[in-house]
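Engineer: Would you mind keeping the following structure in view while I ask a few things?
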Amino acid sequence: MMDKKERISRRAALELCDGDVVNLGIGLPTLIPHYLSPKVNIILQSENGFVGMGPVNEESGPDIVDAGGSAVGILPGGAFFDSAFSFALIRGGHVDVTILGGLQVDVAGNLANWMVPGKMVPGMGGAMDLVTGAKRVIVVMEHVTRHGEPRILPQCSLPLTGQRVVSLIITELAVFSVTEVGLVLEEIAQDTDLDTVRALTAASFVVAEELRLFGV
């Protein structure tokens with residue numbers, strides 16, 4: 001049995017295409033490259049200053065870390081650069097896809113993922129730039145909080161990272177596309193049902209004419 005994070009990561013990996021320039025948020029999104037098809041080669045960009053990010057290897061050192069401070073490697077052909085150039089890539093629309101974790105997403109595609117009131121956080125990092133600069137924004141998250149509260153809402157209550165920026169939401173139960181008329185349920189996990197998804201989703205949504213089972 002796959003745990004929630006593996007299921008979400010496997011499904012999210014299917015959204016990436018050969019040749020995509022991709023930025024992955026910290027946490028759950030970093031698992032996604034493990035589940036890419038061998039036929040799909042992507043270019044991972046890290047906002048702290050390089051492209052060609054890969055797994056830890058013999059050439060990795062204490063100074064090669066991702067934006068979250070975790071040790072990573074760099075693949076042949078990769079390149080390092082300063083933060084100004086890194087954010088010029090992001091803000092200039094050169095990132096094809098960014099995949100970020102989320103605390104809340106609402107029917108308008110607003111995203112809250114950087115601050116929980118009452119908790120100390122270092123800042124929003126590059127998330128605000130990524131959600132406005134990337135061509136496509138995918139949010140991956142568990143469907144409800146640890147307290148069982150829905151994360152997909154009529155309106156976000158936490159401070160926003162970006163307004164009307166989310167294209168796709170992937171949870172362990174469902175895949176929603178964000179459209180001009182609201183959320184559309186595109187896929188559902190094999191071990192759940194529509195009533196369960198409705199009960200655990202605070203936002204209203206419509207069901208796609210051809211509702212598919214999870215593609216994992």
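In the structure tokens, the first chain shown is A, the next is B, and so on; residue numbers restart at 1 for each chain, and ligands run from 1 in the order shown.
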Taking 4 positions as the minimum chain separation for residues in the same chain, which residues sit within 12 Å of Gly148 (chain A) when counting only C-alpha atoms? Answer as a list in words.
Structural biologist: Glu142, His143, Val144, Ile152, Ala199, Leu200, Thr201 and Ala202 of chain A
Engineer: Near region 57-74 of chain A, counting only C-alpha atoms, which residues have an atom at most 9 Å away, once you skip same-chain residues fewer than 5 positions from it, shown as a PyMOL selection string?
Structural biologist: chain A and resi 25-27+46-52+79+125-126
Engineer: Tell me which protein, DNA and RNA residues are within 12 Å of Asp20 (chain A), counting only C-alpha atoms, leaving out same-chain ones fewer than 3 positions away, and put them as a list of chain:residue names.
Structural biologist: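 Near neighbours after the sequence-gap exclusion: A:Ala13, A:Glu15, A:Leu16, A:Cys17, A:Asn23, A:Val40, A:Asn41, A:Ile42, A:Ile43, A:Leu44, A:Gln45, A:Val51, A:Gly52, A:His94, A:Val95, A:Asp96, A:Val97, A:Thr98, A:Ala134, A:Lys135, A:Arg136.
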Engineer: Within 7 Å of region 157-164 of chain A, which residues of region 30-135 of chain A show up? Give each one with its shortest atom-to-atom distance in Å (one decimal) and the two atoms involved, counting only C-alpha atoms, rows by chain then rising residue number, as a tab-separated table.
Structural biologist:
residue	atom	partner	partner_atom	distance
A:Ala108	CA	A:Arg164	CA	5.6
A:Gly109	CA	A:Arg164	CA	4.4
A:Asn110	CA	A:Gln163	CA	4.4
A:Leu111	CA	A:Gly162	CA	5.5
A:Ala112	CA	A:Leu160	CA	4.4
A:Asn113	CA	A:Thr161	CA	6.2
A:Trp114	CA	A:Thr161	CA	6.6
A:Met115	CA	A:Pro159	CA	6.6
A:Val116	CA	A:Leu158	CA	6.9
A:Ala127	CA	A:Thr161	CA	6.9
A:Met128	CA	A:Thr161	CA	5.4
A:Val131	CA	A:Gly162	CA	6.3
Engineer: For Leu153 (chain A), which of A:Gly182, A:Gly133, A:Gly77, A:Pro29 is the closest residue, counting only C-alpha atoms?
Structural biologist: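 The answer is A:Gly182, which sits nearest to Leu153 (chain A).
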Engineer: List the spatial neighbours of Ala203 (chain A) as a ChimeraX atom specification - criterion: any atom at most 10 Å away, only C-alpha atoms, same-chain residues fewer than 6 positions off excluded.
Structural biologist: /A:105-107,150-155,182-183
Engineer: For the helix (DSSP H, G or I) assignment from backbone DSSP, which residues of region 10-39 of chain A qualify? Please present them as a ChimeraX atom specification.
Structural biologist: /A:10-13,28-35
Engineer: Go ahead and compute the interatomic distance for CA of Arg11 (chain A) and CA of Gly78 (chain A), in Å to one decimal.
Structural biologist: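 Spanning CA of Arg11 (chain A) to CA of Gly78 (chain A) is a straight-line distance of 26.6 Å.
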Engineer: Which one of A:Glu6, A:Asp195, A:Glu186, A:Glu149 sits closest to Ile169 (chain A) if you count only C-alpha atoms?
Structural biologist: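 Nearest to Ile169 (chain A): A:Glu186.
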Engineer: Quick one: residues within 7 Å of Arg91 (chain A), only C-alpha atoms, excluding same-chain residues fewer than 2 positions away - as an mmCIF file with N, CA, C and O atoms, in the first residue's frame?
Structural biologist:
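result.cif, freshly written:
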data_model
loop_
_atom_site.group_PDB
_atom_site.id
_atom_site.type_symbol
_atom_site.label_atom_id
_atom_site.label_comp_id
_atom_site.auth_asym_id
_atom_site.auth_seq_id
_atom_site.Cartn_x
_atom_site.Cartn_y
_atom_site.Cartn_z
ATOM 1 N N PHE A 87 16.169 34.541 -10.169
ATOM 2 C CA PHE A 87 14.816 35.100 -10.131
ATOM 3 C C PHE A 87 14.441 35.774 -11.448
ATOM 4 O O PHE A 87 13.249 35.920 -11.748
ATOM 5 N N ALA A 88 15.425 36.139 -12.255
ATOM 6 C CA ALA A 88 15.115 36.616 -13.600
ATOM 7 C C ALA A 88 14.530 35.476 -14.439
ATOM 8 O O ALA A 88 13.615 35.690 -15.244
ATOM 9 N N LEU A 89 15.045 34.251 -14.237
ATOM 10 C CA LEU A 89 14.480 33.092 -14.922
ATOM 11 C C LEU A 89 13.026 32.878 -14.510
ATOM 12 O O LEU A 89 12.152 32.620 -15.341
ATOM 13 N N GLY A 93 9.278 34.162 -16.827
ATOM 14 C CA GLY A 93 8.402 33.164 -17.430
ATOM 15 C C GLY A 93 9.119 31.989 -18.057
ATOM 16 O O GLY A 93 8.578 31.324 -18.950
ATOM 17 N N ASP A 129 7.127 34.609 -6.064
ATOM 18 C CA ASP A 129 7.639 34.807 -7.416
ATOM 19 C C ASP A 129 7.288 33.627 -8.315
ATOM 20 O O ASP A 129 6.907 33.805 -9.473
ATOM 21 N N GLY A 133 5.313 33.730 -11.789
ATOM 22 C CA GLY A 133 6.189 33.660 -12.942
ATOM 23 C C GLY A 133 6.126 32.372 -13.732
ATOM 24 O O GLY A 133 6.378 32.360 -14.938
#
Engineer: Between A:Leu173, A:Ala84, A:Val207, A:Met141, which one has atoms that come closest to Asp191 (chain A), using only C-alpha atoms?
Structural biologist: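 Between A:Leu173, A:Ala84, A:Val207, A:Met141, the residue approaching Asp191 (chain A) most closely is A:Leu173.
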Engineer: Kindly indicate which residue among A:Ser167, A:Leu213, A:Leu14, A:Val178 lies nearest to Leu194 (chain A), using only C-alpha atoms for the distances.
Structural biologist: A:Leu213
Engineer: Write out as a PyMOL selection string the residues lying within 6 Å of Ile99 (chain A), counting only C-alpha atoms and excluding same-chain residues fewer than 4 positions away.
Structural biologist: chain A and resi 24+138-139
